[in-house]
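So this block is final-v7.cif, mmCIF, C-alpha atoms and all ligand atoms:
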```
data_final
loop_
_atom_site.label_atom_id
_atom_site.label_comp_id
_atom_site.auth_asym_id
_atom_site.auth_seq_id
_atom_site.Cartn_x
_atom_site.Cartn_y
_atom_site.Cartn_z
CA MET A 22 160.08 177.94 -71.26
CA GLU A 23 160.11 180.51 -68.51
CA GLN A 24 156.70 181.70 -67.36
CA GLY A 25 155.55 185.29 -67.07
CA ILE A 26 157.48 188.48 -67.69
CA ARG A 27 160.31 190.15 -65.84
CA LEU A 28 159.17 192.21 -62.92
CA GLN A 29 160.81 195.43 -64.16
CA LYS A 30 159.17 194.98 -67.57
CA TYR A 31 155.79 194.41 -65.94
CA MET A 32 156.20 197.58 -63.90
CA ALA A 33 157.45 199.68 -66.81
CA GLU A 34 154.61 198.55 -69.07
CA ALA A 35 152.13 199.27 -66.30
CA GLY A 36 153.38 202.87 -66.38
CA VAL A 37 155.22 202.96 -63.04
CA GLY A 38 158.42 204.35 -64.58
CA SER A 39 161.25 203.48 -66.98
CA ARG A 40 162.66 199.96 -66.84
CA ARG A 41 165.94 201.31 -65.44
CA LYS A 42 164.14 203.15 -62.65
CA CYS A 43 162.04 200.08 -61.87
CA GLU A 44 165.22 198.01 -61.55
CA GLU A 45 166.57 200.51 -59.05
CA TRP A 46 163.34 200.43 -57.08
CA ILE A 47 163.32 196.64 -57.03
CA GLN A 48 166.90 196.58 -55.74
CA ALA A 49 166.03 199.23 -53.18
CA GLY A 50 163.39 196.90 -51.75
CA LEU A 51 160.35 198.98 -52.69
CA VAL A 52 158.56 196.20 -54.56
CA GLU A 53 156.53 193.26 -53.29
CA VAL A 54 155.19 190.26 -55.17
CA ASN A 55 152.34 188.41 -53.50
CA GLY A 56 153.15 190.08 -50.21
CA LEU A 57 156.88 189.29 -50.23
CA ARG A 58 159.60 191.86 -50.80
CA VAL A 59 161.62 191.09 -53.92
CA THR A 60 165.07 192.53 -54.63
CA GLU A 61 166.21 190.08 -57.35
CA LEU A 62 166.17 191.47 -60.89
CA GLY A 63 165.55 188.04 -62.43
CA THR A 64 162.12 187.70 -60.78
CA ARG A 65 159.29 186.91 -63.19
CA VAL A 66 155.60 187.56 -62.65
CA ASP A 67 152.44 186.37 -64.27
CA PRO A 68 150.26 189.39 -65.19
CA GLY A 69 146.77 189.03 -63.82
CA LYS A 70 147.78 186.29 -61.37
CA ASP A 71 150.61 187.65 -59.26
CA GLU A 72 149.99 190.73 -57.17
CA VAL A 73 152.68 193.37 -57.51
CA LYS A 74 152.97 196.30 -55.12
CA PHE A 75 155.21 199.33 -55.41
CA ARG A 76 155.68 201.43 -52.27
CA GLY A 77 152.73 199.53 -50.81
CA LYS A 78 150.34 200.29 -53.68
CA THR A 79 149.07 197.68 -56.12
CA VAL A 80 150.46 197.95 -59.65
CA ASN A 81 147.69 196.91 -62.05
CA PRO A 82 148.76 194.53 -64.80
CA PRO A 83 149.84 196.18 -68.05
CA LEU A 84 147.21 196.30 -70.80
CA ARG A 85 149.82 195.28 -73.33
CA GLU A 86 147.93 193.27 -75.86
CA LYS A 87 145.39 195.97 -76.77
CA THR A 88 146.06 199.06 -78.83
CA THR A 89 144.09 202.30 -78.66
CA VAL A 90 144.97 205.42 -80.60
CA LEU A 91 143.62 208.93 -80.74
CA LEU A 92 143.22 210.31 -84.26
CA HIS A 93 142.59 213.92 -85.22
CA LYS A 94 140.09 213.09 -87.93
CA PRO A 95 140.23 215.35 -90.96
CA ALA A 96 137.12 216.25 -92.99
CA GLY A 97 136.46 214.00 -95.98
CA TYR A 98 136.80 210.62 -94.26
CA VAL A 99 134.11 208.15 -93.21
CA THR A 100 134.20 206.23 -89.94
CA THR A 101 132.30 203.23 -91.31
CA SER A 102 134.12 200.62 -93.33
CA HIS A 103 132.79 199.55 -96.76
CA ASP A 104 131.31 202.94 -97.55
CA GLN A 105 128.80 202.53 -100.37
CA PHE A 106 130.26 205.54 -102.23
CA GLY A 107 133.85 204.31 -101.91
CA ARG A 108 134.92 207.35 -99.87
CA LYS A 109 138.15 207.37 -97.88
CA ASP A 110 138.03 205.63 -94.52
CA VAL A 111 139.69 206.80 -91.27
CA CYS A 112 141.31 203.37 -90.93
CA ASP A 113 143.54 204.31 -93.88
CA LEU A 114 145.09 207.02 -91.70
CA VAL A 115 146.21 204.67 -88.93
CA LYS A 116 148.68 202.07 -90.10
CA ILE A 117 150.10 199.90 -87.35
CA PRO A 118 151.67 196.67 -88.58
CA GLY A 119 149.77 193.60 -87.45
CA LYS A 120 146.88 195.61 -85.97
CA ARG A 121 143.31 196.12 -87.13
CA LEU A 122 141.78 199.01 -85.27
CA TYR A 123 138.17 200.14 -85.43
CA PRO A 124 136.66 203.55 -84.72
CA VAL A 125 134.90 204.00 -81.39
CA GLY A 126 131.53 205.44 -82.39
CA ARG A 127 131.00 207.63 -85.40
CA LEU A 128 131.83 211.06 -86.73
CA ASP A 129 130.21 212.46 -89.87
CA TYR A 130 132.15 212.64 -93.13
CA GLN A 131 132.75 216.37 -92.74
CA THR A 132 133.22 216.41 -88.95
CA THR A 133 136.80 216.74 -87.73
CA GLY A 134 138.49 216.09 -84.41
CA PHE A 135 138.71 213.57 -81.60
CA LEU A 136 138.30 209.95 -82.68
CA LEU A 137 139.51 206.86 -80.87
CA LEU A 138 140.40 203.70 -82.77
CA THR A 139 140.97 200.46 -80.93
CA ASP A 140 141.08 196.68 -81.07
CA ASP A 141 139.79 196.60 -77.50
CA GLY A 142 136.21 195.55 -78.15
CA ASP A 143 135.21 195.83 -74.49
CA LEU A 144 136.45 199.38 -74.29
CA ALA A 145 134.64 200.38 -77.48
CA PHE A 146 131.44 198.78 -76.20
CA HIS A 147 131.58 200.49 -72.83
CA LEU A 148 132.52 203.91 -74.19
CA THR A 149 129.60 203.92 -76.61
CA HIS A 150 127.05 202.31 -74.29
CA PRO A 151 124.28 204.86 -73.58
CA LYS A 152 124.15 203.90 -69.91
CA HIS A 153 127.55 205.44 -69.14
CA HIS A 154 126.78 208.98 -70.40
CA ILE A 155 130.40 209.64 -71.36
CA PRO A 156 130.55 213.37 -72.17
CA ARG A 157 131.55 214.35 -75.68
CA VAL A 158 132.54 217.96 -76.30
CA TYR A 159 132.01 219.56 -79.70
CA GLU A 160 132.77 222.97 -81.15
CA ALA A 161 130.25 223.92 -83.79
CA LYS A 162 130.18 226.99 -85.96
CA VAL A 163 126.54 227.78 -86.61
CA LYS A 164 124.96 230.22 -89.05
CA GLY A 165 123.87 233.40 -87.31
CA THR A 166 123.93 234.07 -83.58
CA PRO A 167 121.65 231.98 -81.38
CA ASP A 168 119.76 234.00 -78.78
CA GLN A 169 119.44 233.02 -75.14
CA ALA A 170 116.13 231.24 -75.78
CA ALA A 171 117.75 229.00 -78.41
CA LEU A 172 120.70 228.20 -76.13
CA SER A 173 118.37 227.33 -73.26
CA ARG A 174 116.33 225.03 -75.47
CA LEU A 175 119.49 223.26 -76.60
CA GLU A 176 120.48 222.80 -72.96
CA ARG A 177 117.13 221.58 -71.73
CA GLY A 178 116.53 219.30 -74.71
CA VAL A 179 115.03 219.85 -78.14
CA ARG A 180 112.70 217.73 -80.16
CA LEU A 181 114.43 216.48 -83.29
CA GLU A 182 112.71 215.94 -86.61
CA ASP A 183 112.07 212.26 -85.80
CA GLY A 184 110.32 213.14 -82.54
CA TYR A 185 113.24 212.25 -80.23
CA LYS A 186 113.80 214.73 -77.38
CA THR A 187 117.47 215.22 -76.57
CA LYS A 188 118.78 214.82 -73.02
CA PRO A 189 120.03 217.85 -71.07
CA ALA A 190 123.31 219.18 -72.45
CA ARG A 191 125.70 222.04 -71.75
CA VAL A 192 125.94 224.75 -74.36
CA ARG A 193 127.88 228.02 -74.43
CA ILE A 194 129.00 230.61 -76.94
CA LEU A 195 132.74 230.60 -77.60
CA LYS A 196 133.25 233.23 -80.28
CA LYS A 197 131.29 235.35 -82.72
CA GLU A 198 132.59 235.71 -86.26
CA ALA A 199 131.27 237.56 -89.29
CA GLU A 200 129.72 234.43 -90.85
CA GLY A 201 128.56 232.68 -87.73
CA THR A 202 129.05 231.79 -84.08
CA TRP A 203 131.23 229.11 -82.51
CA ILE A 204 129.34 227.21 -79.84
CA GLU A 205 130.58 224.54 -77.47
CA PHE A 206 128.22 221.60 -76.95
CA THR A 207 128.77 219.03 -74.21
CA LEU A 208 126.52 216.05 -74.86
CA TYR A 209 126.01 213.03 -72.63
CA GLU A 210 124.51 210.84 -75.34
CA GLY A 211 125.48 210.09 -78.91
CA LYS A 212 122.62 210.00 -81.38
CA ASN A 213 123.38 210.05 -85.07
CA HIS A 214 124.28 213.54 -86.38
CA GLN A 215 123.13 214.85 -83.02
CA VAL A 216 124.81 218.26 -82.95
CA ARG A 217 123.76 219.09 -86.51
CA ARG A 218 120.20 217.98 -85.84
CA MET A 219 119.95 219.89 -82.56
CA ALA A 220 121.29 223.09 -84.09
CA ARG A 221 118.93 222.74 -87.04
CA ALA A 222 115.99 222.15 -84.72
CA VAL A 223 116.49 225.60 -83.14
CA GLY A 224 117.08 227.31 -86.50
CA TYR A 225 120.88 227.69 -86.56
CA PRO A 226 122.39 225.17 -88.98
CA VAL A 227 125.93 223.94 -88.42
CA LEU A 228 128.55 225.20 -90.85
CA ARG A 229 131.54 223.45 -89.29
CA LEU A 230 131.86 220.85 -86.59
CA ARG A 231 134.73 219.36 -84.63
CA ARG A 232 134.88 217.14 -81.58
CA VAL A 233 137.47 218.24 -79.04
CA ALA A 234 137.06 215.82 -76.12
CA MET A 235 135.55 212.59 -74.97
CA GLY A 236 135.34 211.59 -71.31
CA PRO A 237 138.57 212.52 -69.56
CA LEU A 238 140.64 213.02 -72.73
CA ARG A 239 141.11 216.04 -75.00
CA LEU A 240 142.37 216.40 -78.55
CA GLU A 241 144.74 219.25 -77.71
CA GLY A 242 148.07 219.44 -79.50
CA LEU A 243 147.44 216.71 -82.09
CA PRO A 244 147.60 218.04 -85.68
CA GLU A 245 144.77 217.22 -88.10
CA GLY A 246 145.29 213.86 -89.84
CA LYS A 247 147.76 212.66 -87.19
CA TYR A 248 147.31 210.04 -84.50
CA ARG A 249 149.10 208.93 -81.36
CA LEU A 250 148.98 205.90 -79.12
CA LEU A 251 147.20 206.47 -75.85
CA THR A 252 149.36 206.09 -72.78
CA GLU A 253 148.68 203.38 -70.24
CA LYS A 254 147.39 206.07 -67.90
CA GLU A 255 144.96 207.42 -70.49
CA VAL A 256 143.59 203.95 -71.22
CA ARG A 257 143.04 203.42 -67.54
CA MET A 258 141.22 206.77 -67.34
CA LEU A 259 138.90 205.62 -70.14
CA TYR A 260 138.31 202.30 -68.39
CA LYS A 261 137.36 204.14 -65.25
CA ALA A 262 135.13 206.67 -67.03
CA SER A 263 133.24 203.90 -68.79
CA GLY A 264 132.78 201.82 -65.66
CA MET A 265 135.04 199.00 -66.84
CA LYS A 266 137.00 196.64 -64.69
CA GLU A 267 140.63 196.25 -65.75
N1 LIG B 301 127.07 215.28 -84.07
C1 LIG B 301 126.99 215.46 -85.40
O1 LIG B 301 126.05 216.07 -85.87
N2 LIG B 301 127.95 214.96 -86.16
C2 LIG B 301 129.02 214.32 -85.70
O2 LIG B 301 129.89 213.90 -86.46
C3 LIG B 301 129.10 214.14 -84.31
C4 LIG B 301 128.11 214.63 -83.51
#
```
Starting from the file, give its structure as structure tokens.
Amino acid sequence: MEQGIRLQKYMAEAGVGSRRKCEEWIQAGLVEVNGLRVTELGTRVDPGKDEVKFRGKTVNPPLREKTTVLLHKPAGYVTTSHDQFGRKDVCDLVKIPGKRLYPVGRLDYQTTGFLLLTDDGDLAFHLTHPKHHIPRVYEAKVKGTPDQAALSRLERGVRLEDGYKTKPARVRILKKEAEGTWIEFTLYEGKNHQVRRMARAVGYPVLRLRRVAMGPLRLEGLPEGKYRLLTEKEVRMLYKASGMKE
């Protein structure tokens, strides 16, 4: 059996460009394997062992075997499997043959928005590890209109009902509506029900809540209930943000 994968496939899966383009670049002499220029299309490489360079820059091995998707979670789904009340589970919304993906962190039953699901256990671990302070951005509609004092308290840190004092956060008003005010929260930690508990602690309960971003990625453009595979580039951005080595 032949070892490794074809060089153009390696490059395409690593996100350099289409396989056709990579073939052209190989033939044009722009690619090196282990320091030697390669122009043969039949060349095979061993990901993780051979060093591939394109235009003098290292091409990191493709992260092919892992799958990470971004789901726009709708309300009315749990993010924990085996819910004791038998409620619907976000995993039912992401059907990829042969894959079992798990949510990265948690969103409440009624919270909507940005949720990653992955079979990359390392990535999930690093993204949720408190030491990395990956920012999570939420939009919350709260009852009433918080005054400046309430916003400042939310930013500096508030004491929750269990005595925990939240870490500094960024908070700003987005829009006032008749029934409440939309506020953007950027949190650098992820305690259970944190936004709802913080808002309650300053006297402005949350009416609606959605997460719109995590680390370098945003939800933008993805309809509710739909998911998409992350690109190679996006996965690498998450690796970097969470301090992971590839
Ligand atoms: N904070 C909450 O209160 N709920 C969520 O689902 C996420 C953050």
Which residue gives the smallest distance to Glu45 of chain A among A:Leu144, A:Leu250, A:Leu57, A:Leu28, with only C-alpha atoms counted?
->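 Comparing A:Leu144, A:Leu250, A:Leu57, A:Leu28 against Glu45 of chain A, the winner is A:Leu28.
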Hey, what's within 10 Å of segment 103-120 of chain A if we count only C-alpha atoms and toss same-chain stuff fewer than 4 positions away? As a PyMOL selection string, please?
-> chain A and resi 87-88+90-99+124+130+136+138-140+246-249
Computed interatomic separation between atom CA of Lys70 of chain A and atom CA of Pro82 of chain A (Å) =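 A separation of 9.0 Å between them.
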Taking a cut-off of 7 Å and counting all atoms listed in the file, can you build a table that, for each residue of chain A near ligand LIG 301 (chain B), reports the nearest atom pair and how far apart they are in Å (one decimal), sorted by chain then residue number, as a Markdown table?
```
| residue | atom | partner | partner_atom | distance |
| --- | --- | --- | --- | --- |
| A:Arg127 | CA | B:LIG301 | O2 | 6.5 |
| A:Leu128 | CA | B:LIG301 | O2 | 3.4 |
| A:Asp129 | CA | B:LIG301 | O2 | 3.7 |
| A:Thr132 | CA | B:LIG301 | O2 | 4.9 |
| A:Gly211 | CA | B:LIG301 | C4 | 7.0 |
| A:Asn213 | CA | B:LIG301 | N1 | 6.5 |
| A:His214 | CA | B:LIG301 | O1 | 3.1 |
| A:Gln215 | CA | B:LIG301 | N1 | 4.1 |
| A:Val216 | CA | B:LIG301 | O1 | 3.9 |
| A:Arg217 | CA | B:LIG301 | O1 | 3.8 |
| A:Arg218 | CA | B:LIG301 | O1 | 6.2 |
```
Pairwise distance for atom CA of Gly236 of chain A and atom CA of Ala262 of chain A, rounded to one decimal in Å |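 Atom CA of Gly236 of chain A sits 6.5 Å away from atom CA of Ala262 of chain A.
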Could you check which of A:Gln131, A:Thr187, A:Thr166, A:Thr202 is closest to Met219 of chain A, using all atoms listed in the file?
->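 Ranked by minimum distance to Met219 of chain A, first place goes to A:Thr187.
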Report the distance between atom CA of Thr79 of chain A and atom CA of Met32 of chain A in Å, rounded to one decimal place.
-> 10.6 Å
Determine the nearest neighbour of Arg65 of chain A from the options A:Gly201, A:Gly38, A:Gly25, A:Pro83, counting all atoms listed in the file.
->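 Using all atoms listed in the file, Arg65 of chain A sits closest to A:Gly25.
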Nearest-residue call for Arg58 of chain A, choices A:Ala170, A:Trp46, A:Glu245, A:Thr101, using only C-alpha atoms |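 Closest to Arg58 of chain A, using only C-alpha atoms: A:Trp46.
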